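Quick look at final_24.csv (CSV, N, CA and C atoms and all ligand atoms):
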chain,number,residue,atom,x,y,z
A,1,MET,N,14.9,6.7,10.6
A,1,MET,CA,15.5,5.4,10.7
A,1,MET,C,14.5,4.4,10.3
A,2,ALA,N,14.8,3.5,9.4
A,2,ALA,CA,14.0,2.4,9.1
A,2,ALA,C,14.3,1.3,10.2
A,3,LEU,N,13.4,0.5,10.5
A,3,LEU,CA,13.6,-0.6,11.4
A,3,LEU,C,13.9,-1.9,10.7
A,4,MET,N,14.4,-2.9,11.4
A,4,MET,CA,14.7,-4.2,10.8
A,4,MET,C,14.2,-5.3,11.7
A,5,ILE,N,14.0,-6.4,11.2
A,5,ILE,CA,13.6,-7.6,12.0
A,5,ILE,C,14.8,-8.5,12.1
A,6,THR,N,15.1,-8.9,13.3
A,6,THR,CA,16.3,-9.8,13.5
A,6,THR,C,15.8,-11.3,13.4
A,7,ASP,N,16.8,-12.2,13.4
A,7,ASP,CA,16.5,-13.6,13.3
A,7,ASP,C,15.9,-14.2,14.5
A,8,GLU,N,15.6,-13.3,15.5
A,8,GLU,CA,14.8,-13.8,16.7
A,8,GLU,C,13.3,-13.9,16.4
A,9,CYS,N,12.9,-13.4,15.2
A,9,CYS,CA,11.5,-13.4,14.8
A,9,CYS,C,11.0,-14.8,14.8
A,10,ILE,N,9.8,-15.0,15.4
A,10,ILE,CA,9.2,-16.3,15.5
A,10,ILE,C,8.0,-16.4,14.5
A,11,ASN,N,8.0,-15.5,13.5
A,11,ASN,CA,6.9,-15.6,12.5
A,11,ASN,C,5.5,-15.7,13.0
A,12,CYS,N,5.3,-14.8,14.0
A,12,CYS,CA,3.9,-14.9,14.7
A,12,CYS,C,2.9,-14.2,13.9
A,13,ASP,N,3.3,-13.4,12.9
A,13,ASP,CA,2.3,-12.8,11.9
A,13,ASP,C,1.6,-11.5,12.4
A,14,VAL,N,1.9,-11.1,13.7
A,14,VAL,CA,1.1,-10.0,14.2
A,14,VAL,C,1.5,-8.6,13.7
A,15,CYS,N,2.8,-8.5,13.3
A,15,CYS,CA,3.2,-7.1,13.0
A,15,CYS,C,2.8,-6.8,11.6
A,16,GLU,N,2.7,-7.7,10.7
A,16,GLU,CA,2.5,-7.4,9.3
A,16,GLU,C,1.2,-6.6,9.0
A,17,PRO,N,0.1,-7.0,9.6
A,17,PRO,CA,-1.1,-6.2,9.3
A,17,PRO,C,-1.2,-4.9,10.1
A,18,GLU,N,-0.3,-4.7,11.0
A,18,GLU,CA,-0.3,-3.4,11.8
A,18,GLU,C,0.5,-2.3,11.1
A,19,CYS,N,1.3,-2.6,10.1
A,19,CYS,CA,2.1,-1.6,9.4
A,19,CYS,C,1.3,-0.7,8.5
A,20,PRO,N,1.2,0.6,8.7
A,20,PRO,CA,0.4,1.4,7.9
A,20,PRO,C,1.0,1.7,6.5
A,21,ASN,N,2.3,1.3,6.3
A,21,ASN,CA,2.9,1.5,5.1
A,21,ASN,C,3.1,0.2,4.2
A,22,GLU,N,2.6,-0.9,4.7
A,22,GLU,CA,2.7,-2.2,4.1
A,22,GLU,C,4.2,-2.5,3.8
A,23,ALA,N,5.0,-2.2,4.8
A,23,ALA,CA,6.5,-2.3,4.7
A,23,ALA,C,6.9,-3.7,5.1
A,24,ILE,N,6.1,-4.4,5.8
A,24,ILE,CA,6.5,-5.7,6.4
A,24,ILE,C,6.0,-6.9,5.5
A,25,PHE,N,6.9,-7.8,5.2
A,25,PHE,CA,6.5,-8.9,4.4
A,25,PHE,C,7.2,-10.2,4.8
A,26,LEU,N,6.7,-11.3,4.5
A,26,LEU,CA,7.3,-12.6,4.9
A,26,LEU,C,8.4,-12.9,3.9
A,27,GLY,N,9.6,-13.0,4.3
A,27,GLY,CA,10.8,-13.3,3.5
A,27,GLY,C,10.9,-14.8,3.4
A,28,PRO,N,12.1,-15.3,2.9
A,28,PRO,CA,12.3,-16.7,2.8
A,28,PRO,C,12.2,-17.5,4.1
A,29,GLU,N,12.6,-16.9,5.2
A,29,GLU,CA,12.6,-17.6,6.5
A,29,GLU,C,11.8,-16.8,7.5
A,30,ILE,N,12.0,-15.5,7.6
A,30,ILE,CA,11.3,-14.7,8.6
A,30,ILE,C,10.7,-13.5,8.0
A,31,TYR,N,10.0,-12.7,8.8
A,31,TYR,CA,9.5,-11.5,8.3
A,31,TYR,C,10.6,-10.5,8.1
A,32,GLN,N,10.4,-9.6,7.1
A,32,GLN,CA,11.4,-8.6,6.8
A,32,GLN,C,10.7,-7.2,6.6
A,33,ILE,N,11.5,-6.2,6.7
A,33,ILE,CA,10.9,-4.8,6.5
A,33,ILE,C,11.6,-4.2,5.3
A,34,ASP,N,10.7,-3.6,4.4
A,34,ASP,CA,11.2,-2.9,3.3
A,34,ASP,C,11.6,-1.5,3.7
A,35,PRO,N,12.9,-1.2,3.8
A,35,PRO,CA,13.4,0.1,4.3
A,35,PRO,C,12.9,1.3,3.5
A,36,ASP,N,12.6,1.0,2.2
A,36,ASP,CA,12.0,2.1,1.4
A,36,ASP,C,10.6,2.5,1.8
A,37,ARG,N,9.9,1.6,2.5
A,37,ARG,CA,8.6,1.9,2.9
A,37,ARG,C,8.4,2.1,4.4
A,38,CYS,N,9.4,1.8,5.2
A,38,CYS,CA,9.3,2.0,6.7
A,38,CYS,C,9.6,3.5,7.0
A,39,THR,N,8.7,4.2,7.6
A,39,THR,CA,8.9,5.5,8.0
A,39,THR,C,9.0,5.6,9.6
A,40,GLU,N,9.2,4.4,10.2
A,40,GLU,CA,9.2,4.3,11.6
A,40,GLU,C,7.8,4.8,12.1
A,41,CYS,N,6.8,4.7,11.3
A,41,CYS,CA,5.4,5.1,11.5
A,41,CYS,C,5.2,6.6,11.6
A,42,VAL,N,6.3,7.4,11.2
A,42,VAL,CA,6.1,8.8,11.1
A,42,VAL,C,5.0,9.1,10.1
A,43,GLY,N,4.1,10.0,10.5
A,43,GLY,CA,3.0,10.4,9.6
A,43,GLY,C,1.8,9.7,10.0
A,44,HIS,N,1.9,8.5,10.7
A,44,HIS,CA,0.7,7.7,11.0
A,44,HIS,C,0.5,7.6,12.5
A,45,PHE,N,1.6,7.3,13.2
A,45,PHE,CA,1.5,7.0,14.7
A,45,PHE,C,2.7,7.6,15.4
A,46,ASP,N,2.6,7.8,16.7
A,46,ASP,CA,3.7,8.3,17.5
A,46,ASP,C,4.7,7.3,17.7
A,47,GLU,N,4.3,6.0,17.7
A,47,GLU,CA,5.3,5.0,18.0
A,47,GLU,C,5.2,3.9,16.9
A,48,PRO,N,6.4,3.3,16.6
A,48,PRO,CA,6.4,2.2,15.6
A,48,PRO,C,5.4,1.1,16.0
A,49,GLN,N,4.4,0.9,15.2
A,49,GLN,CA,3.4,-0.1,15.6
A,49,GLN,C,3.9,-1.5,15.6
A,50,CYS,N,4.8,-1.9,14.8
A,50,CYS,CA,5.4,-3.2,14.8
A,50,CYS,C,6.1,-3.5,16.1
A,51,VAL,N,6.8,-2.5,16.6
A,51,VAL,CA,7.5,-2.7,17.8
A,51,VAL,C,6.5,-2.9,19.0
A,52,GLN,N,5.4,-2.1,18.9
A,52,GLN,CA,4.4,-2.2,20.0
A,52,GLN,C,3.8,-3.6,20.1
A,53,VAL,N,3.7,-4.3,19.0
A,53,VAL,CA,3.0,-5.6,19.0
A,53,VAL,C,3.9,-6.8,19.1
A,54,CYS,N,5.2,-6.6,18.7
A,54,CYS,CA,6.1,-7.8,18.6
A,54,CYS,C,6.3,-8.4,20.0
A,55,PRO,N,5.9,-9.7,20.1
A,55,PRO,CA,6.0,-10.4,21.4
A,55,PRO,C,7.4,-10.7,21.9
A,56,VAL,N,8.4,-10.7,20.9
A,56,VAL,CA,9.8,-11.1,21.3
A,56,VAL,C,10.8,-9.9,21.1
A,57,ALA,N,10.2,-8.7,20.9
A,57,ALA,CA,11.1,-7.5,20.8
A,57,ALA,C,12.3,-7.7,19.8
A,58,CYS,N,12.0,-8.1,18.6
A,58,CYS,CA,13.1,-8.4,17.7
A,58,CYS,C,13.1,-7.3,16.5
A,59,ILE,N,12.6,-6.1,16.8
A,59,ILE,CA,12.5,-5.1,15.7
A,59,ILE,C,13.3,-3.9,16.2
A,60,PRO,N,14.6,-3.9,16.0
A,60,PRO,CA,15.4,-2.7,16.4
A,60,PRO,C,15.5,-1.7,15.2
A,61,VAL,N,16.1,-0.6,15.5
A,61,VAL,CA,16.5,0.3,14.4
A,61,VAL,C,17.6,-0.3,13.6
A,62,ASP,N,17.5,-0.1,12.3
A,62,ASP,CA,18.5,-0.7,11.4
A,62,ASP,C,19.7,0.3,11.4
A,63,PRO,N,20.9,-0.1,11.9
A,63,PRO,CA,22.0,0.9,11.9
A,63,PRO,C,22.5,1.3,10.6
A,64,GLN,N,22.1,0.5,9.5
A,64,GLN,CA,22.5,0.9,8.2
A,64,GLN,C,21.6,1.9,7.6
A,65,ARG,N,20.5,2.2,8.3
A,65,ARG,CA,19.4,3.0,7.7
A,65,ARG,C,19.1,4.2,8.7
A,66,MET,N,20.1,4.9,9.1
A,66,MET,CA,19.8,6.0,10.0
A,66,MET,C,19.3,7.2,9.1
A,67,GLU,N,18.0,7.6,9.5
A,67,GLU,CA,17.4,8.7,8.8
A,67,GLU,C,16.8,9.7,9.8
A,68,SER,N,16.8,10.9,9.4
A,68,SER,CA,16.3,12.0,10.3
A,68,SER,C,14.8,11.9,10.2
A,69,ARG,N,14.1,12.6,11.1
A,69,ARG,CA,12.7,12.6,11.1
A,69,ARG,C,12.2,13.3,9.9
A,70,GLU,N,12.9,14.3,9.4
A,70,GLU,CA,12.6,15.0,8.2
A,70,GLU,C,12.6,14.1,7.0
A,71,THR,N,13.6,13.3,6.9
A,71,THR,CA,13.7,12.3,5.8
A,71,THR,C,12.6,11.3,5.9
A,72,LEU,N,12.2,10.9,7.1
A,72,LEU,CA,11.1,9.9,7.3
A,72,LEU,C,9.8,10.6,6.8
A,73,TRP,N,9.7,11.8,7.2
A,73,TRP,CA,8.4,12.6,6.8
A,73,TRP,C,8.3,12.7,5.3
A,74,GLN,N,9.5,13.0,4.6
A,74,GLN,CA,9.5,13.0,3.2
A,74,GLN,C,9.1,11.7,2.6
A,75,LYS,N,9.6,10.6,3.2
A,75,LYS,CA,9.3,9.3,2.7
A,75,LYS,C,7.8,9.0,2.9
A,76,TYR,N,7.2,9.4,4.0
A,76,TYR,CA,5.8,9.3,4.2
A,76,TYR,C,5.0,10.1,3.2
A,77,GLN,N,5.4,11.3,2.9
A,77,GLN,CA,4.8,12.2,1.8
A,77,GLN,C,4.8,11.5,0.5
A,78,ARG,N,6.0,10.9,0.2
A,78,ARG,CA,6.1,10.2,-1.1
A,78,ARG,C,5.1,9.0,-1.2
A,79,LEU,N,5.1,8.2,-0.1
A,79,LEU,CA,4.3,7.0,-0.1
A,79,LEU,C,2.8,7.4,-0.2
A,80,THR,N,2.4,8.4,0.6
A,80,THR,CA,1.0,8.8,0.6
A,80,THR,C,0.6,9.5,-0.7
A,81,GLY,N,1.6,10.2,-1.3
A,81,GLY,CA,1.4,10.8,-2.6
A,81,GLY,C,1.1,9.8,-3.7
A,82,GLU,N,1.9,8.7,-3.6
A,82,GLU,CA,1.6,7.6,-4.5
A,82,GLU,C,0.2,7.0,-4.3
A,83,ALA,N,-0.2,6.9,-3.0
A,83,ALA,CA,-1.5,6.3,-2.7
A,83,ALA,C,-2.6,7.2,-3.3
A,84,LYS,N,-2.4,8.5,-3.1
A,84,LYS,CA,-3.4,9.5,-3.6
A,84,LYS,C,-3.5,9.4,-5.2
A,85,LYS,N,-2.4,9.2,-5.8
A,85,LYS,CA,-2.4,9.1,-7.3
A,85,LYS,C,-3.2,7.9,-7.7
A,86,GLU,N,-3.0,6.8,-6.9
A,86,GLU,CA,-3.7,5.6,-7.3
A,86,GLU,C,-5.2,5.8,-7.1
A,87,VAL,N,-5.6,6.5,-6.0
A,87,VAL,CA,-7.0,6.8,-5.8
A,87,VAL,C,-7.6,7.7,-6.9
A,88,ALA,N,-6.8,8.7,-7.3
A,88,ALA,CA,-7.2,9.6,-8.4
A,88,ALA,C,-7.4,8.8,-9.7
A,89,ALA,N,-6.4,7.9,-9.9
A,89,ALA,CA,-6.5,7.1,-11.2
A,89,ALA,C,-7.7,6.3,-11.2
A,90,ALA,N,-8.2,5.9,-10.0
A,90,ALA,CA,-9.4,5.0,-9.9
A,90,ALA,C,-10.7,5.9,-10.0
A,91,GLY,N,-10.5,7.2,-10.1
A,91,GLY,CA,-11.7,8.1,-10.2
A,91,GLY,C,-12.4,8.3,-8.9
A,92,VAL,N,-11.7,8.1,-7.8
A,92,VAL,CA,-12.4,8.3,-6.5
A,92,VAL,C,-11.8,9.6,-5.8
A,93,SER,N,-12.6,10.4,-5.3
A,93,SER,CA,-12.1,11.6,-4.6
A,93,SER,C,-11.5,11.2,-3.3
A,94,PRO,N,-10.3,11.7,-3.0
A,94,PRO,CA,-9.7,11.4,-1.7
A,94,PRO,C,-10.5,12.1,-0.6
A,95,PRO,N,-10.5,11.5,0.6
A,95,PRO,CA,-11.2,12.1,1.7
A,95,PRO,C,-10.6,13.4,2.1
A,96,GLU,N,-11.4,14.4,2.6
A,96,GLU,CA,-10.9,15.7,3.0
A,96,GLU,C,-10.0,15.5,4.2
A,97,ALA,N,-8.9,16.3,4.2
A,97,ALA,CA,-8.0,16.2,5.3
A,97,ALA,C,-8.7,16.7,6.5
A,98,SER,N,-8.4,16.1,7.6
A,98,SER,CA,-9.0,16.4,8.9
A,98,SER,C,-7.9,17.0,9.8
A,99,SER,N,-8.3,18.0,10.5
A,99,SER,CA,-7.3,18.6,11.5
A,99,SER,C,-7.3,17.8,12.8
A,100,SER,N,-8.3,17.0,13.0
A,100,SER,CA,-8.3,16.2,14.2
A,100,SER,C,-7.8,14.8,14.0
A,101,ASP,N,-6.5,14.8,13.5
A,101,ASP,CA,-5.9,13.5,13.2
A,101,ASP,C,-5.2,12.9,14.4
A,102,VAL,N,-5.7,12.9,15.5
A,102,VAL,CA,-5.1,12.3,16.7
A,102,VAL,C,-5.1,10.8,16.6
A,103,PRO,N,-4.0,10.2,16.5
A,103,PRO,CA,-4.0,8.7,16.3
A,103,PRO,C,-4.6,8.0,17.6
A,104,PRO,N,-5.2,6.8,17.4
A,104,PRO,CA,-5.7,6.1,18.5
A,104,PRO,C,-4.5,5.6,19.4
A,105,SER,N,-4.6,5.7,20.7
A,105,SER,CA,-3.5,5.3,21.5
A,105,SER,C,-3.4,3.8,21.6
A,106,PRO,N,-2.2,3.2,21.4
A,106,PRO,CA,-2.1,1.8,21.6
A,106,PRO,C,-2.4,1.4,23.0
A,107,SER,N,-3.0,0.2,23.2
A,107,SER,CA,-3.4,-0.2,24.5
A,107,SER,C,-2.2,-0.3,25.5
A,108,GLY,N,-1.1,-0.8,25.0
A,108,GLY,CA,0.1,-0.9,25.8
A,108,GLY,C,-0.1,-1.8,27.0
A,109,ARG,N,-1.2,-2.5,27.1
A,109,ARG,CA,-1.4,-3.4,28.2
A,109,ARG,C,-1.2,-4.9,27.8
A,110,GLY,N,-0.6,-5.6,28.7
A,110,GLY,CA,-0.4,-7.0,28.4
A,110,GLY,C,-1.7,-7.8,28.7
A,111,LEU,N,-1.6,-9.1,28.5
A,111,LEU,CA,-2.8,-9.9,28.7
A,111,LEU,C,-3.0,-10.2,30.2
A,112,GLY,N,-1.9,-9.9,31.0
A,112,GLY,CA,-1.8,-10.1,32.4
A,112,GLY,C,-2.8,-10.6,33.2
B,1,LIG,S1,7.9,1.1,12.1
B,1,LIG,FE1,5.9,1.4,11.3
B,1,LIG,S2,6.3,1.8,9.1
B,1,LIG,FE2,8.1,0.8,9.9
B,1,LIG,S3,7.8,-1.4,9.6
B,1,LIG,FE3,7.1,-0.9,11.7
B,1,LIG,S4,4.9,-0.6,11.5
B,1,LIG,FE4,5.8,-0.4,9.4
B,2,LIG,S1,5.7,-9.5,15.5
B,2,LIG,FE1,7.9,-9.9,15.8
B,2,LIG,S2,8.0,-12.1,16.0
B,2,LIG,FE2,6.0,-11.7,15.2
B,2,LIG,S3,6.4,-11.8,12.9
B,2,LIG,FE3,6.6,-9.7,13.5
B,2,LIG,S4,8.9,-9.5,13.9
B,2,LIG,FE4,8.4,-11.6,13.9
Kindly return the structure encoded in the file as structure tokens.
Ligand code: SF4
Ligand code: SF4
Amino acid sequence: MALMITDECINCDVCEPECPNEAIFLGPEIYQIDPDRCTECVGHFDEPQCVQVCPVACIPVDPQRMESRETLWQKYQRLTGEAKKEVAAAGVSPPEASSSDVPPSPSGRGLG
């Protein structure tokens, strides 16, 4: 499932740099998510990073974009495949795959 940003967005800017797929961008009025780039963070993190950081909880699942985890994984593969091609075109060797790809755990703590 791709996620979407509702009109409750306060344009606080914190989600955009957290997206590993560069799927979030500032639209005419509020931030938006490109559904072709949102993998719900599958392939990168266990939880959607934008949802983790949004202070007003305005990023639900887009009901128009119901996708299985398999489909999201394929989207991730396509996106990272494109990234690798760009790296190869630049003449730089991609880093070796690591088996210890445990993502850093989000703090999950408020400022309390
Ligand atoms: S769920 Fe992940 S991939 Fe999708 S917009 Fe949020 S941060 Fe980006
Ligand atoms: S974190 Fe939430 S409120 Fe802030 S810009 Fe992103 S969607 Fe909007």
May I ask you to write as a PyMOL selection string all residues lying at most 6.5 Å from ligand LIG 1 (chain B), with only N, CA and C atoms and all ligand atoms counted? chain A and resi 2-3+18-24+33-34+37-42+47-51
For each of A:Val53, A:Ala88, A:Leu26, A:Ala83, take the minimum atom-to-atom distance to ligand LIG 2 (chain B), counting all atoms listed in the file, then give the residue where this is smallest.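 Among the listed residues, A:Val53 lies closest to ligand LIG 2 (chain B).
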Find the residues near ligand LIG 2 (chain B). Use a cut-off of 5 Å, count all atoms listed in the file, and write them as a CSV table (one decimal) with N, CA and C atoms, in the frame of the given file.
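Wrote result04.csv, looks like this:
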chain,number,residue,atom,x,y,z
A,9,CYS,N,12.9,-13.4,15.2
A,9,CYS,CA,11.5,-13.4,14.8
A,9,CYS,C,11.0,-14.8,14.8
A,10,ILE,N,9.8,-15.0,15.4
A,10,ILE,CA,9.2,-16.3,15.5
A,10,ILE,C,8.0,-16.4,14.5
A,11,ASN,N,8.0,-15.5,13.5
A,11,ASN,CA,6.9,-15.6,12.5
A,11,ASN,C,5.5,-15.7,13.0
A,12,CYS,N,5.3,-14.8,14.0
A,12,CYS,CA,3.9,-14.9,14.7
A,12,CYS,C,2.9,-14.2,13.9
A,13,ASP,N,3.3,-13.4,12.9
A,13,ASP,CA,2.3,-12.8,11.9
A,13,ASP,C,1.6,-11.5,12.4
A,14,VAL,N,1.9,-11.1,13.7
A,14,VAL,CA,1.1,-10.0,14.2
A,14,VAL,C,1.5,-8.6,13.7
A,15,CYS,N,2.8,-8.5,13.3
A,15,CYS,CA,3.2,-7.1,13.0
A,15,CYS,C,2.8,-6.8,11.6
A,53,VAL,N,3.7,-4.3,19.0
A,53,VAL,CA,3.0,-5.6,19.0
A,53,VAL,C,3.9,-6.8,19.1
A,54,CYS,N,5.2,-6.6,18.7
A,54,CYS,CA,6.1,-7.8,18.6
A,54,CYS,C,6.3,-8.4,20.0
A,55,PRO,N,5.9,-9.7,20.1
A,55,PRO,CA,6.0,-10.4,21.4
A,55,PRO,C,7.4,-10.7,21.9
Which one of A:His44, A:Met66, A:Gln52, A:Ala57 sits closest to Leu79 (chain A) if you count only C-alpha atoms? A:His44
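In this model, the gap between CA of Thr80 (chain A) and CA of Ser68 (chain A) comes to 18.4 Å.
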Name the residues of chain A that come out as strand (DSSP E) in a backbone DSSP run; write them as a PyMOL selection string. chain A and resi 24-26+31-33
Could you please take those selected residues and save N, CA and C atoms as a short mmCIF file (atom, residue, chain, number, x, y, z; two decimals), keeping the file's coordinate frame?
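Output file selection_28.cif is given in full below:
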data_model
loop_
_atom_site.label_atom_id
_atom_site.label_comp_id
_atom_site.auth_asym_id
_atom_site.auth_seq_id
_atom_site.Cartn_x
_atom_site.Cartn_y
_atom_site.Cartn_z
N ILE A 24 6.10 -4.40 5.80
CA ILE A 24 6.50 -5.70 6.40
C ILE A 24 6.00 -6.90 5.50
N PHE A 25 6.90 -7.80 5.20
CA PHE A 25 6.50 -8.90 4.40
C PHE A 25 7.20 -10.20 4.80
N LEU A 26 6.70 -11.30 4.50
CA LEU A 26 7.30 -12.60 4.90
C LEU A 26 8.40 -12.90 3.90
N TYR A 31 10.00 -12.70 8.80
CA TYR A 31 9.50 -11.50 8.30
C TYR A 31 10.60 -10.50 8.10
N GLN A 32 10.40 -9.60 7.10
CA GLN A 32 11.40 -8.60 6.80
C GLN A 32 10.70 -7.20 6.60
N ILE A 33 11.50 -6.20 6.70
CA ILE A 33 10.90 -4.80 6.50
C ILE A 33 11.60 -4.20 5.30
#
Atomic separation - CA of Phe25 (chain A) relative to atom N of Lys75 (chain A), Å: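 Answer for the atom N of Lys75 (chain A) to CA of Phe25 (chain A) separation: 19.8 Å.
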Tell me, in Å to one decimal, how far CA of Tyr76 (chain A) is from atom C of Gly43 (chain A).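 Taking CA of Tyr76 (chain A) as the start and atom C of Gly43 (chain A) as the end point, the length is 7.1 Å.
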Using all atoms listed in the file: which of A:Thr71, A:Pro28, A:Val61, A:Asp46 has the shortest distance to Ile5 (chain A): A:Val61
DSSP alpha helix (DSSP H) selection over region 24-108 of chain A, as a count of residues only: 26
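Of the listed residues (A:Arg78, A:Lys85, A:Arg65, A:Pro60), A:Pro60 comes nearest to Met4 (chain A); the distances count all atoms listed in the file.
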